[in-house]
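Undergrad: Take a look at run05.pdb, PDB, C-alpha atoms and all ligand atoms:
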ATOM      1  CA  MET A1065     151.319  52.874  88.866
ATOM      2  CA  LYS A1066     150.404  55.958  86.794
ATOM      3  CA  LEU A1067     152.563  58.090  89.057
ATOM      4  CA  TRP A1068     155.797  56.578  87.687
ATOM      5  CA  ILE A1069     158.488  59.052  86.603
ATOM      6  CA  PRO A1070     161.317  57.887  84.316
ATOM      7  CA  LEU A1071     164.671  59.041  85.704
ATOM      8  CA  GLY A1072     167.284  57.111  83.708
ATOM      9  CA  ALA A1073     169.140  58.612  80.752
ATOM     10  CA  GLY A1074     168.847  57.494  77.106
ATOM     11  CA  SER A1075     165.798  56.878  74.924
ATOM     12  CA  ARG A1076     164.654  53.956  77.117
ATOM     13  CA  HIS A1077     165.438  55.800  80.370
ATOM     14  CA  ASP A1078     167.565  52.882  81.556
ATOM     15  CA  GLN A1079     171.069  54.349  81.317
ATOM     16  CA  PRO A1080     173.116  56.069  84.049
ATOM     17  CA  ASP A1081     173.026  59.862  83.900
ATOM     18  CA  LYS A1082     176.173  62.021  84.047
ATOM     19  CA  SER A1083     176.258  62.113  87.845
ATOM     20  CA  ALA A1084     175.938  58.308  88.127
ATOM     21  CA  GLU A1085     178.630  57.878  85.471
ATOM     22  CA  GLU A1086     180.977  60.124  87.457
ATOM     23  CA  PHE A1087     180.260  58.083  90.599
ATOM     24  CA  LEU A1088     181.003  54.832  88.755
ATOM     25  CA  ALA A1089     184.232  56.213  87.256
ATOM     26  CA  ARG A1090     185.444  57.324  90.708
ATOM     27  CA  SER A1091     184.531  53.912  92.192
ATOM     28  CA  MET A1092     186.472  52.105  89.462
ATOM     29  CA  GLU A1093     189.502  54.324  89.994
ATOM     30  CA  ARG A1094     189.486  53.673  93.748
ATOM     31  CA  SER A1095     188.883  49.957  93.269
ATOM     32  CA  ASP A1096     191.957  49.795  90.998
ATOM     33  CA  SER A1097     194.212  51.328  93.649
ATOM     34  CA  LEU A1098     195.973  48.354  95.278
ATOM     35  CA  PRO A1099     197.535  50.324  98.200
ATOM     36  CA  LEU A1100     194.175  51.958  99.069
ATOM     37  CA  GLN A1101     192.226  48.684  98.905
ATOM     38  CA  THR A1102     194.866  46.778 100.909
ATOM     39  CA  TRP A1103     194.751  49.441 103.630
ATOM     40  CA  HIS A1104     190.906  49.362 103.662
ATOM     41  CA  SER A1105     190.817  45.595 103.851
ATOM     42  CA  LEU A1106     193.305  45.447 106.770
ATOM     43  CA  ALA A1107     191.621  48.279 108.667
ATOM     44  CA  ARG A1108     188.160  46.765 108.145
ATOM     45  CA  SER A1109     189.093  43.349 109.495
ATOM     46  CA  THR A1110     190.620  44.936 112.626
ATOM     47  CA  LEU A1111     187.919  47.540 113.259
ATOM     48  CA  SER A1112     185.029  45.109 112.694
ATOM     49  CA  TRP A1113     185.697  43.701 116.181
ATOM     50  CA  PHE A1114     184.776  47.023 117.741
ATOM     51  CA  ILE A1115     182.439  49.097 115.572
ATOM     52  CA  SER A1116     179.673  48.741 112.963
ATOM     53  CA  ARG A1117     180.345  48.407 109.257
ATOM     54  CA  THR A1118     178.798  51.837 108.630
ATOM     55  CA  SER A1119     181.079  53.472 111.212
ATOM     56  CA  ILE A1120     184.128  51.723 109.680
ATOM     57  CA  ASN A1121     183.176  53.132 106.278
ATOM     58  CA  GLY A1122     182.734  56.570 107.851
ATOM     59  CA  LEU A1123     186.160  56.407 109.535
ATOM     60  CA  LEU A1124     187.927  55.187 106.404
ATOM     61  CA  GLY A1125     186.016  57.490 104.052
ATOM     62  CA  ARG A1126     184.978  54.524 101.923
ATOM     63  CA  GLY A1127     181.753  52.808 100.796
ATOM     64  CA  SER A1128     180.122  56.016  99.571
ATOM     65  CA  MET A1129     176.625  55.671  98.075
ATOM     66  CA  HIS A1130     174.752  57.359  95.242
ATOM     67  CA  VAL A1131     170.965  57.630  95.010
ATOM     68  CA  PHE A1132     170.040  60.513  92.684
ATOM     69  CA  SER A1133     171.482  63.575  90.968
ATOM     70  CA  THR A1134     170.316  67.202  91.193
ATOM     71  CA  GLU A1135     168.425  66.839  87.894
ATOM     72  CA  GLN A1136     166.716  63.633  88.965
ATOM     73  CA  PHE A1137     165.666  65.253  92.245
ATOM     74  CA  HIS A1138     164.252  68.231  90.304
ATOM     75  CA  LYS A1139     162.252  65.852  88.092
ATOM     76  CA  LEU A1140     160.789  64.146  91.153
ATOM     77  CA  MET A1141     159.886  67.457  92.805
ATOM     78  CA  ASP A1142     158.328  68.809  89.575
ATOM     79  CA  ALA A1143     156.314  65.623  89.083
ATOM     80  CA  SER A1144     154.963  65.959  92.629
ATOM     81  CA  GLY A1145     153.926  69.570  91.956
ATOM     82  CA  PHE A1146     156.269  71.002  94.603
ATOM     83  CA  THR A1147     156.860  74.705  94.078
ATOM     84  CA  GLY A1148     158.610  75.580  97.332
ATOM     85  CA  PRO A1149     159.387  77.260  99.607
ATOM     86  CA  TRP A1150     162.921  75.856  99.566
ATOM     87  CA  ASN A1151     163.824  76.955 103.093
ATOM     88  CA  SER A1152     164.730  73.783 104.908
ATOM     89  CA  LEU A1153     165.869  70.275 104.037
ATOM     90  CA  ILE A1154     166.582  67.460 106.469
ATOM     91  CA  ASP A1155     168.232  64.199 105.437
ATOM     92  CA  LEU A1156     167.676  61.464 108.026
ATOM     93  CA  GLY A1157     170.222  58.659 108.193
ATOM     94  CA  ALA A1158     172.224  60.634 105.651
ATOM     95  CA  GLY A1159     175.379  58.468 105.849
ATOM     96  CA  ASP A1160     178.352  60.487 104.623
ATOM     97  CA  GLY A1161     175.988  63.012 102.976
ATOM     98  CA  ALA A1162     177.044  62.177  99.404
ATOM     99  CA  THR A1163     173.454  62.289  98.069
ATOM    100  CA  THR A1164     172.506  65.247 100.314
ATOM    101  CA  SER A1165     175.353  67.226  98.770
ATOM    102  CA  HIS A1166     173.718  66.986  95.298
ATOM    103  CA  ILE A1167     170.707  68.999  96.428
ATOM    104  CA  ALA A1168     171.940  70.971  99.460
ATOM    105  CA  HIS A1169     172.505  74.138  97.401
ATOM    106  CA  LEU A1170     168.779  74.312  96.589
ATOM    107  CA  PHE A1171     167.861  75.048 100.228
ATOM    108  CA  ASN A1172     168.607  77.853 102.694
ATOM    109  CA  ARG A1173     169.212  75.479 105.618
ATOM    110  CA  VAL A1174     170.331  71.853 105.450
ATOM    111  CA  TYR A1175     170.024  69.525 108.429
ATOM    112  CA  ALA A1176     171.139  65.906 108.683
ATOM    113  CA  THR A1177     171.178  63.045 111.178
ATOM    114  CA  ASP A1178     172.943  59.721 111.447
ATOM    115  CA  ILE A1179     173.231  57.156 114.231
ATOM    116  CA  SER A1180     176.910  56.528 113.433
ATOM    117  CA  ALA A1181     179.399  58.991 114.966
ATOM    118  CA  PRO A1182     181.957  58.857 112.087
ATOM    119  CA  MET A1183     179.102  59.564 109.644
ATOM    120  CA  ARG A1184     178.039  62.554 111.776
ATOM    121  CA  TRP A1185     181.617  63.865 111.598
ATOM    122  CA  ALA A1186     181.515  63.475 107.797
ATOM    123  CA  LEU A1187     178.204  65.364 107.661
ATOM    124  CA  ALA A1188     179.588  68.184 109.817
ATOM    125  CA  ARG A1189     182.640  68.428 107.516
ATOM    126  CA  ARG A1190     180.198  69.092 104.669
ATOM    127  CA  LYS A1191     178.812  71.991 106.768
ATOM    128  CA  PHE A1192     175.367  70.456 107.273
ATOM    129  CA  ILE A1193     173.652  71.165 110.615
ATOM    130  CA  VAL A1194     173.895  67.809 112.364
ATOM    131  CA  LEU A1195     170.977  67.045 114.700
ATOM    132  CA  ASP A1196     170.512  64.443 117.402
ATOM    133  CA  ILE A1197     168.632  61.310 116.211
ATOM    134  CA  GLU A1198     166.162  61.590 119.108
ATOM    135  CA  ARG A1199     165.580  65.364 118.974
ATOM    136  CA  TRP A1200     165.758  66.386 115.293
ATOM    137  CA  GLN A1201     162.012  67.085 115.183
ATOM    138  CA  LYS A1202     162.466  70.124 117.429
ATOM    139  CA  SER A1203     164.192  71.972 114.524
ATOM    140  CA  GLY A1204     161.206  71.377 112.203
ATOM    141  CA  PRO A1205     158.900  71.599 110.424
ATOM    142  CA  PHE A1206     160.873  71.066 107.212
ATOM    143  CA  ASN A1207     159.930  71.829 103.607
ATOM    144  CA  VAL A1208     161.574  68.672 102.280
ATOM    145  CA  ILE A1209     162.531  65.552 104.219
ATOM    146  CA  LEU A1210     164.758  62.816 102.802
ATOM    147  CA  CYS A1211     164.543  59.324 104.239
ATOM    148  CA  LEU A1212     166.793  57.422 101.861
ATOM    149  CA  ASN A1213     167.481  53.767 102.526
ATOM    150  CA  LEU A1214     166.792  54.193 106.209
ATOM    151  CA  LEU A1215     163.453  52.419 106.810
ATOM    152  CA  ASP A1216     165.113  48.999 106.339
ATOM    153  CA  ARG A1217     168.086  49.980 108.491
ATOM    154  CA  CYS A1218     166.502  51.699 111.495
ATOM    155  CA  ASP A1219     165.113  49.931 114.553
ATOM    156  CA  ARG A1220     161.688  51.631 114.620
ATOM    157  CA  PRO A1221     160.528  52.298 111.040
ATOM    158  CA  ASN A1222     156.843  52.818 111.943
ATOM    159  CA  THR A1223     157.678  55.385 114.600
ATOM    160  CA  MET A1224     160.072  57.003 112.127
ATOM    161  CA  LEU A1225     157.344  57.297 109.456
ATOM    162  CA  ARG A1226     154.916  58.904 111.904
ATOM    163  CA  GLN A1227     157.611  61.383 113.002
ATOM    164  CA  LEU A1228     158.412  62.185 109.364
ATOM    165  CA  LYS A1229     154.758  62.906 108.651
ATOM    166  CA  SER A1230     154.344  65.218 111.637
ATOM    167  CA  SER A1231     157.576  67.086 110.794
ATOM    168  CA  LEU A1232     156.579  68.137 107.262
ATOM    169  CA  ALA A1233     155.793  71.826 106.769
ATOM    170  CA  PRO A1234     152.429  72.545 105.072
ATOM    171  CA  GLY A1235     152.773  71.617 101.388
ATOM    172  CA  GLY A1236     156.092  69.884 102.122
ATOM    173  CA  ARG A1237     157.408  66.718 100.501
ATOM    174  CA  LEU A1238     158.791  63.537 101.993
ATOM    175  CA  VAL A1239     161.157  61.593  99.735
ATOM    176  CA  VAL A1240     161.555  57.941 100.729
ATOM    177  CA  ALA A1241     163.984  55.559  99.024
ATOM    178  CA  ILE A1242     163.818  51.900  99.912
ATOM    179  CA  VAL A1243     165.793  48.920  98.671
ATOM    180  CA  LEU A1244     163.569  46.164  97.255
ATOM    181  CA  PRO A1245     163.023  43.295  97.772
ATOM    182  CA  PHE A1246     162.601  44.542 101.334
ATOM    183  CA  SER A1247     165.135  42.981 103.662
ATOM    184  CA  PRO A1248     165.560  44.824 106.965
ATOM    185  CA  TYR A1249     168.930  44.698 108.743
ATOM    186  CA  VAL A1250     169.612  46.827 111.820
ATOM    187  CA  GLU A1251     173.232  47.357 112.831
ATOM    188  CA  VAL A1252     172.523  48.779 116.264
ATOM    189  CA  GLY A1253     169.097  47.793 117.580
ATOM    190  CA  GLU A1254     167.153  46.992 120.729
ATOM    191  CA  ARG A1255     166.857  43.256 120.006
ATOM    192  CA  GLY A1256     170.563  42.716 119.370
ATOM    193  CA  ASP A1257     169.904  40.177 116.572
ATOM    194  CA  HIS A1258     169.944  42.695 113.677
ATOM    195  CA  LYS A1259     166.160  42.472 113.354
ATOM    196  CA  PRO A1260     164.109  45.659 113.796
ATOM    197  CA  ALA A1261     162.126  46.250 116.986
ATOM    198  CA  GLU A1262     159.138  47.301 114.825
ATOM    199  CA  TYR A1263     157.695  45.352 111.897
ATOM    200  CA  LEU A1264     157.063  47.269 108.666
ATOM    201  CA  PRO A1265     154.446  45.369 106.624
ATOM    202  CA  VAL A1266     156.111  45.441 103.181
ATOM    203  CA  LYS A1267     154.396  42.617 101.292
ATOM    204  CA  GLY A1268     153.635  41.815  97.670
ATOM    205  CA  ASN A1269     155.157  39.728  94.903
ATOM    206  CA  GLY A1270     158.183  41.026  93.041
ATOM    207  CA  LEU A1271     159.359  44.602  92.895
ATOM    208  CA  ASP A1272     156.134  46.063  91.506
ATOM    209  CA  GLY A1273     154.012  44.152  94.028
ATOM    210  CA  GLN A1274     156.098  45.509  96.910
ATOM    211  CA  ILE A1275     155.923  49.041  95.479
ATOM    212  CA  ALA A1276     152.116  48.823  95.347
ATOM    213  CA  GLY A1277     152.145  47.263  98.839
ATOM    214  CA  LEU A1278     154.200  50.150 100.220
ATOM    215  CA  ILE A1279     151.858  52.760  98.740
ATOM    216  CA  ASP A1280     148.653  50.977  99.849
ATOM    217  CA  ARG A1281     149.598  49.272 103.101
ATOM    218  CA  VAL A1282     152.440  51.317 104.570
ATOM    219  CA  PHE A1283     152.187  54.955 103.458
ATOM    220  CA  GLY A1284     148.404  55.152 102.872
ATOM    221  CA  PRO A1285     147.210  53.935 106.277
ATOM    222  CA  ILE A1286     149.323  56.486 108.150
ATOM    223  CA  GLY A1287     148.113  59.351 105.952
ATOM    224  CA  LEU A1288     150.968  59.743 103.468
ATOM    225  CA  LYS A1289     149.869  60.092  99.863
ATOM    226  CA  CYS A1290     152.175  59.067  97.018
ATOM    227  CA  LEU A1291     152.483  61.820  94.370
ATOM    228  CA  ALA A1292     155.245  60.283  92.235
ATOM    229  CA  TRP A1293     157.549  57.275  92.299
ATOM    230  CA  SER A1294     160.450  55.872  90.346
ATOM    231  CA  LYS A1295     163.166  53.219  90.385
ATOM    232  CA  LEU A1296     166.913  53.793  90.354
ATOM    233  CA  PRO A1297     169.981  51.662  90.966
ATOM    234  CA  TYR A1298     171.350  52.365  94.459
ATOM    235  CA  LEU A1299     175.073  52.535  93.771
ATOM    236  CA  CYS A1300     177.750  51.721  96.315
ATOM    237  CA  GLU A1301     181.488  52.134  95.970
ATOM    238  CA  GLY A1302     183.205  48.774  95.640
ATOM    239  CA  ASP A1303     186.407  47.103  96.828
ATOM    240  CA  LEU A1304     189.253  45.041  95.422
ATOM    241  CA  GLY A1305     186.888  42.283  94.242
ATOM    242  CA  GLN A1306     184.325  44.467  92.494
ATOM    243  CA  ALA A1307     184.463  48.107  91.369
ATOM    244  CA  TYR A1308     180.930  48.928  92.528
ATOM    245  CA  TYR A1309     177.759  47.299  93.815
ATOM    246  CA  PHE A1310     174.153  48.138  93.136
ATOM    247  CA  LEU A1311     170.701  47.334  94.473
ATOM    248  CA  ASP A1312     167.205  48.231  93.246
ATOM    249  CA  ASP A1313     165.924  51.366  94.930
ATOM    250  CA  ALA A1314     162.276  52.446  94.776
ATOM    251  CA  ILE A1315     161.853  56.199  95.323
ATOM    252  CA  PHE A1316     158.591  57.787  96.475
ATOM    253  CA  VAL A1317     157.576  61.431  96.817
ATOM    254  CA  LEU A1318     154.881  61.745  99.458
ATOM    255  CA  GLU A1319     152.721  64.457 100.975
ATOM    256  CA  VAL A1320     150.493  64.547 104.013
ATOM    257  CA  GLN A1321     147.022  63.392 103.004
ATOM    258  CA  GLU A1322     144.343  65.910 103.910
ATOM    259  CA  GLU A1323     141.318  63.626 103.956
ATOM    260  CA  GLU A1324     140.729  60.477 106.014
ATOM    261  CA  PRO A1325     143.677  58.068 105.496
ATOM    262  CA  TYR A1326     143.043  55.102 103.230
ATOM    263  CA  ASN A1327     142.525  51.922 105.220
ATOM    264  CA  PRO A1328     142.309  48.716 103.139
ATOM    265  CA  THR A1329     141.144  46.610 106.131
ATOM    266  CA  GLN A1330     138.373  49.091 106.826
ATOM    267  CA  SER A1331     137.135  48.988 103.245
ATOM    268  CA  ILE A1332     137.094  45.166 103.351
ATOM    269  CA  LYS A1333     135.074  45.386 106.602
ATOM    270  CA  GLU A1334     132.710  47.876 104.978
ATOM    271  CA  LYS A1335     132.182  45.379 102.128
ATOM    272  CA  GLU A1336     131.511  42.590 104.653
ATOM    273  CA  ILE A1337     128.927  44.750 106.421
ATOM    274  CA  SER A1338     127.131  45.497 103.181
ATOM    275  CA  LEU A1339     127.062  41.757 102.333
ATOM    276  CA  GLU A1340     125.554  41.052 105.781
ATOM    277  CA  GLN A1341     123.006  43.768 105.116
ATOM    278  CA  VAL A1342     122.114  42.179 101.783
ATOM    279  CA  GLU A1343     121.658  38.819 103.529
ATOM    280  CA  THR A1344     119.455  40.424 106.209
ATOM    281  CA  ILE A1345     117.328  42.091 103.556
ATOM    282  CA  GLU A1346     117.045  38.794 101.629
ATOM    283  CA  ASN A1347     116.087  36.865 104.791
ATOM    284  CA  THR A1348     113.477  39.342 105.916
ATOM    285  CA  SER A1349     111.836  39.805 102.536
TER
HETATM  286  C1  LIG B1401     171.985  52.341 104.074
HETATM  287  S1  LIG B1401     172.579  53.781 104.835
HETATM  288  C2  LIG B1401     171.823  55.062 103.860
HETATM  289  C3  LIG B1401     172.670  56.298 103.762
HETATM  290  C4  LIG B1401     172.090  57.361 102.820
HETATM  291  N1  LIG B1401     170.820  57.843 103.284
HETATM  292  C5  LIG B1401     171.946  56.795 101.430
HETATM  293  O1  LIG B1401     170.823  56.580 100.976
HETATM  294  O2  LIG B1401     172.975  56.509 100.800
HETATM  295  C6  LIG B1401     171.594  53.857 106.326
HETATM  296  C7  LIG B1401     172.091  54.917 107.289
HETATM  297  O3  LIG B1401     171.151  55.103 108.324
HETATM  298  C8  LIG B1401     171.848  55.268 109.559
HETATM  299  N2  LIG B1401     170.867  55.002 110.637
HETATM  300  C9  LIG B1401     170.378  53.825 111.078
HETATM  301  N3  LIG B1401     169.444  54.028 112.032
HETATM  302  C10 LIG B1401     169.317  55.371 112.175
HETATM  303  C11 LIG B1401     168.485  56.213 112.978
HETATM  304  N4  LIG B1401     167.602  55.720 113.843
HETATM  305  N5  LIG B1401     168.611  57.551 112.856
HETATM  306  C12 LIG B1401     169.510  58.070 111.988
HETATM  307  N6  LIG B1401     170.336  57.323 111.211
HETATM  308  C13 LIG B1401     170.227  55.997 111.301
HETATM  309  C14 LIG B1401     173.036  54.344 109.429
HETATM  310  O4  LIG B1401     174.085  54.704 110.288
HETATM  311  C15 LIG B1401     173.403  54.540 107.950
HETATM  312  O5  LIG B1401     174.338  55.578 107.757
END
Now, as a test, write the supplied structure out as structure tokens.

TA:
Amino acid sequence: MKLWIPLGAGSRHDQPDKSAEEFLARSMERSDSLPLQTWHSLARSTLSWFISRTSINGLLGRGSMHVFSTEQFHKLMDASGFTGPWNSLIDLGAGDGATTSHIAHLFNRVYATDISAPMRWALARRKFIVLDIERWQKSGPFNVILCLNLLDRCDRPNTMLRQLKSSLAPGGRLVVAIVLPFSPYVEVGERGDHKPAEYLPVKGNGLDGQIAGLIDRVFGPIGLKCLAWSKLPYLCEGDLGQAYYFLDDAIFVLEVQEEEPYNPTQSIKEKEISLEQVETIENTS
């Protein structure tokens, strides 16, 4: 827990910063527009028969999200000791690229992926290099990889994490944001029941328990070391009923672990072996 970085504004670090305030002001303005919200509501109820909610948002240009600002990203990178190079960034499951756009100017090349076609069109309009969701690794390795609010929305989160690890350039950083409490929901998946095909073992009581669980039982065992983490509200543009929505997002900056990955089960086994050894020694003496 020592790796926590405060990112909020104000003396208690719990207030929205300028970028979040701008997002909220824009959301309130759009929520107040009766013609816009009526059109969105009608279009959504018709389109929901044919395409996913994410694709509807992409087509209508609504439901934009906000994770962090340029300054907050800088703080996270500084805290993790990242000094560059700033050649390539890839944002996986980037949605409409709203958060990507806050940090794109820091890198020479910016890549993005998304499973939803209307979101890919939105990303291309922002001039990001849009890669195929199955073949993006071929354009790597990348200096910084963003995986923001994707692990609970993609069908194969374990496979995704392993791919992310193997696609990091030496000294690179992986930034993972994840909504807690963990509640996976897959729009387009193999099983067809909105449950993921792969189980991600996010356990622990409360937000802090799940954060510790992610570091120890999800990232650690596959060889990803947490260098810094924080919490931010994950903001989403609202509708006629509510100006904006927010969820609790935990943000982690990770690097590839050089030494043997931490394995909690193994260390428990090691303890069991040493207890057996003690018993053997006691019995034979
Ligand atoms: C909750 S949104 C997050 C968007 C953005 N990263 C953010 O944090 O605001 C999840 C996004 O992941 C996309 N997605 C789901 N599975 C994916 C996959 N296997 N590869 C790429 N994108 C995927 C969805 O279409 C959606 O746009």

Undergrad: Taking the file above as input, evaluate the PyMOL selection byres (((chain A and resi 1109-1124) around 10) and not hetatm) and report the hits as a VMD selection string.

TA: chain A and resid 1103 to 1108 1125 to 1128 1159 to 1160 1179 to 1187 1251 to 1252

Undergrad: So which residues are near ligand LIG 1401 (chain B), meaning at most 6 Å away with only C-alpha atoms and all ligand atoms counted, given back as a PyMOL selection string?

TA: chain A and resi 1118+1129-1130+1156-1159+1177-1180+1197+1212-1214+1217-1218

Undergrad: Specify as a PyMOL selection string each residue included when the PyMOL selection byres (((chain A and resi 1317) around 6) and not hetatm) is applied to this file.

TA: chain A and resi 1238-1239+1290-1292+1316+1318

Undergrad: Can you measure CA of Ala1162 (chain A) to CA of Trp1068 (chain A) for me? One decimal in Å is fine.

TA: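 Taking CA of Ala1162 (chain A) and CA of Trp1068 (chain A), their separation equals 24.9 Å.
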
Undergrad: Quick one: residues within 9 Å of region 1077-1079 of chain A, only C-alpha atoms counted, chain neighbours fewer than 6 positions away excluded, as a VMD selection string?

TA: chain A and resid 1070 to 1071 1296

Undergrad: Once the PyMOL selection byres (((chain A and resi 1084) around 9) and not hetatm) is applied to the coordinates I shared, what remains selected? I want it as a compact mmCIF listing (two decimals) with C-alpha atoms, keeping the file's coordinate frame.

TA:
# COMPACT_ATOMS: atom_id res chain seq x y z
CA PRO A 1080 173.12 56.07 84.05
CA ASP A 1081 173.03 59.86 83.90
CA LYS A 1082 176.17 62.02 84.05
CA SER A 1083 176.26 62.11 87.84
CA GLU A 1085 178.63 57.88 85.47
CA GLU A 1086 180.98 60.12 87.46
CA PHE A 1087 180.26 58.08 90.60
CA LEU A 1088 181.00 54.83 88.76
CA ALA A 1089 184.23 56.21 87.26
CA HIS A 1130 174.75 57.36 95.24
CA VAL A 1131 170.96 57.63 95.01
CA PHE A 1132 170.04 60.51 92.68
CA SER A 1133 171.48 63.58 90.97
CA LEU A 1299 175.07 52.54 93.77

Undergrad: Pick the closest to Lys1289 (chain A) from A:Arg1199, A:Phe1171, A:Ala1314, A:Leu1067: which is it, counting all atoms listed in the file?

TA: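 So, comparing all the options, the nearest one is A:Leu1067.
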
Undergrad: Would you compute the distance between CA of Ala1168 (chain A) and CA of Asp1303 (chain A)? Give it in Å to one decimal.

TA: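 About the pair CA of Ala1168 (chain A) and CA of Asp1303 (chain A): they are 28.0 Å apart.
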
Undergrad: Taking 3 positions as the minimum chain separation for residues in the same chain, which residues sit within 10 Å of region 1247-1250 of chain A when counting all atoms listed in the file? Answer as an MDAnalysis selection string.

TA: chainID A and resid 1214:1221 1242:1244 1253:1261 1263:1264 1266

Undergrad: Smallest atom-to-atom distance to Arg1281 (chain A): which of A:Asn1222, A:Gln1227, A:Ser1075, A:Asn1151, using all atoms listed in the file?

TA: A:Asn1222

Undergrad: Counting all atoms listed in the file, which residues of region 1224-1265 of chain A fall within 8 Å of region 1205-1209 of chain A, and what is the closest atom pair for each with its distance in Å at one decimal, ordered by chain and rising number, as CSV?

TA:
residue,atom,partner,partner_atom,distance
A:Leu1228,CA,A:Ile1209,CA,7.4
A:Ser1230,CA,A:Pro1205,CA,7.9
A:Ser1231,CA,A:Pro1205,CA,4.7
A:Leu1232,CA,A:Phe1206,CA,5.2
A:Ala1233,CA,A:Pro1205,CA,4.8
A:Pro1234,CA,A:Asn1207,CA,7.7
A:Gly1235,CA,A:Asn1207,CA,7.5
A:Gly1236,CA,A:Asn1207,CA,4.6
A:Arg1237,CA,A:Val1208,CA,4.9
A:Leu1238,CA,A:Ile1209,CA,4.8
A:Val1239,CA,A:Ile1209,CA,6.1

Undergrad: Separation of CA of Thr1134 (chain A) and CA of Glu1319 (chain A), in Å?

TA: 20.3 Å

Undergrad: List as a JSON list (two decimals) with C-alpha atoms, in the coordinates of the input: which residues have an atom within 10 Å of (168.8, 76.7, 103.8), counting only C-alpha atoms?

TA:
[["chain", "number", "residue", "atom", "x", "y", "z"],
["A", 1150, "TRP", "CA", 162.92, 75.86, 99.57],
["A", 1151, "ASN", "CA", 163.82, 76.96, 103.09],
["A", 1152, "SER", "CA", 164.73, 73.78, 104.91],
["A", 1153, "LEU", "CA", 165.87, 70.28, 104.04],
["A", 1154, "ILE", "CA", 166.58, 67.46, 106.47],
["A", 1168, "ALA", "CA", 171.94, 70.97, 99.46],
["A", 1169, "HIS", "CA", 172.50, 74.14, 97.40],
["A", 1170, "LEU", "CA", 168.78, 74.31, 96.59],
["A", 1171, "PHE", "CA", 167.86, 75.05, 100.23],
["A", 1172, "ASN", "CA", 168.61, 77.85, 102.69],
["A", 1173, "ARG", "CA", 169.21, 75.48, 105.62],
["A", 1174, "VAL", "CA", 170.33, 71.85, 105.45],
["A", 1175, "TYR", "CA", 170.02, 69.53, 108.43],
["A", 1192, "PHE", "CA", 175.37, 70.46, 107.27]]

Undergrad: Since the input is missing atoms, can you rebuild N, CA and C atoms for region 1118-1132 of chain A and write them as a PDB file, in the frame of the given file?

TA:
ATOM      1  N   THR A1118     179.033  50.456 109.064  1.00  0.00           N
ATOM      2  CA  THR A1118     178.798  51.837 108.630  1.00  0.00           C
ATOM      3  C   THR A1118     179.833  52.771 109.247  1.00  0.00           C
ATOM      4  N   SER A1119     180.104  52.590 110.538  1.00  0.00           N
ATOM      5  CA  SER A1119     181.079  53.472 111.212  1.00  0.00           C
ATOM      6  C   SER A1119     182.487  53.253 110.644  1.00  0.00           C
ATOM      7  N   ILE A1120     182.816  51.998 110.300  1.00  0.00           N
ATOM      8  CA  ILE A1120     184.128  51.723 109.680  1.00  0.00           C
ATOM      9  C   ILE A1120     184.226  52.491 108.363  1.00  0.00           C
ATOM     10  N   ASN A1121     183.184  52.407 107.559  1.00  0.00           N
ATOM     11  CA  ASN A1121     183.176  53.132 106.278  1.00  0.00           C
ATOM     12  C   ASN A1121     183.340  54.633 106.508  1.00  0.00           C
ATOM     13  N   GLY A1122     182.641  55.139 107.533  1.00  0.00           N
ATOM     14  CA  GLY A1122     182.734  56.570 107.851  1.00  0.00           C
ATOM     15  C   GLY A1122     184.155  56.955 108.238  1.00  0.00           C
ATOM     16  N   LEU A1123     184.793  56.105 109.079  1.00  0.00           N
ATOM     17  CA  LEU A1123     186.160  56.407 109.535  1.00  0.00           C
ATOM     18  C   LEU A1123     187.158  56.362 108.387  1.00  0.00           C
ATOM     19  N   LEU A1124     186.960  55.367 107.506  1.00  0.00           N
ATOM     20  CA  LEU A1124     187.927  55.187 106.404  1.00  0.00           C
ATOM     21  C   LEU A1124     187.609  56.066 105.199  1.00  0.00           C
ATOM     22  N   GLY A1125     186.427  56.687 105.209  1.00  0.00           N
ATOM     23  CA  GLY A1125     186.016  57.490 104.052  1.00  0.00           C
ATOM     24  C   GLY A1125     185.806  56.616 102.829  1.00  0.00           C
ATOM     25  N   ARG A1126     185.224  55.441 103.040  1.00  0.00           N
ATOM     26  CA  ARG A1126     184.978  54.524 101.923  1.00  0.00           C
ATOM     27  C   ARG A1126     183.497  54.116 101.898  1.00  0.00           C
ATOM     28  N   GLY A1127     183.122  53.352 100.871  1.00  0.00           N
ATOM     29  CA  GLY A1127     181.753  52.808 100.796  1.00  0.00           C
ATOM     30  C   GLY A1127     180.699  53.873 100.546  1.00  0.00           C
ATOM     31  N   SER A1128     181.086  54.949  99.853  1.00  0.00           N
ATOM     32  CA  SER A1128     180.122  56.016  99.571  1.00  0.00           C
ATOM     33  C   SER A1128     178.984  55.487  98.690  1.00  0.00           C
ATOM     34  N   MET A1129     177.823  56.119  98.810  1.00  0.00           N
ATOM     35  CA  MET A1129     176.625  55.671  98.075  1.00  0.00           C
ATOM     36  C   MET A1129     176.107  56.785  97.183  1.00  0.00           C
ATOM     37  N   HIS A1130     175.356  56.381  96.146  1.00  0.00           N
ATOM     38  CA  HIS A1130     174.752  57.359  95.242  1.00  0.00           C
ATOM     39  C   HIS A1130     173.298  56.973  94.993  1.00  0.00           C
ATOM     40  N   VAL A1131     172.393  57.914  95.243  1.00  0.00           N
ATOM     41  CA  VAL A1131     170.965  57.630  95.010  1.00  0.00           C
ATOM     42  C   VAL A1131     170.475  58.394  93.787  1.00  0.00           C
ATOM     43  N   PHE A1132     170.492  59.744  93.854  1.00  0.00           N
ATOM     44  CA  PHE A1132     170.040  60.513  92.684  1.00  0.00           C
ATOM     45  C   PHE A1132     170.868  61.779  92.498  1.00  0.00           C
TER      46      PHE A1132
END
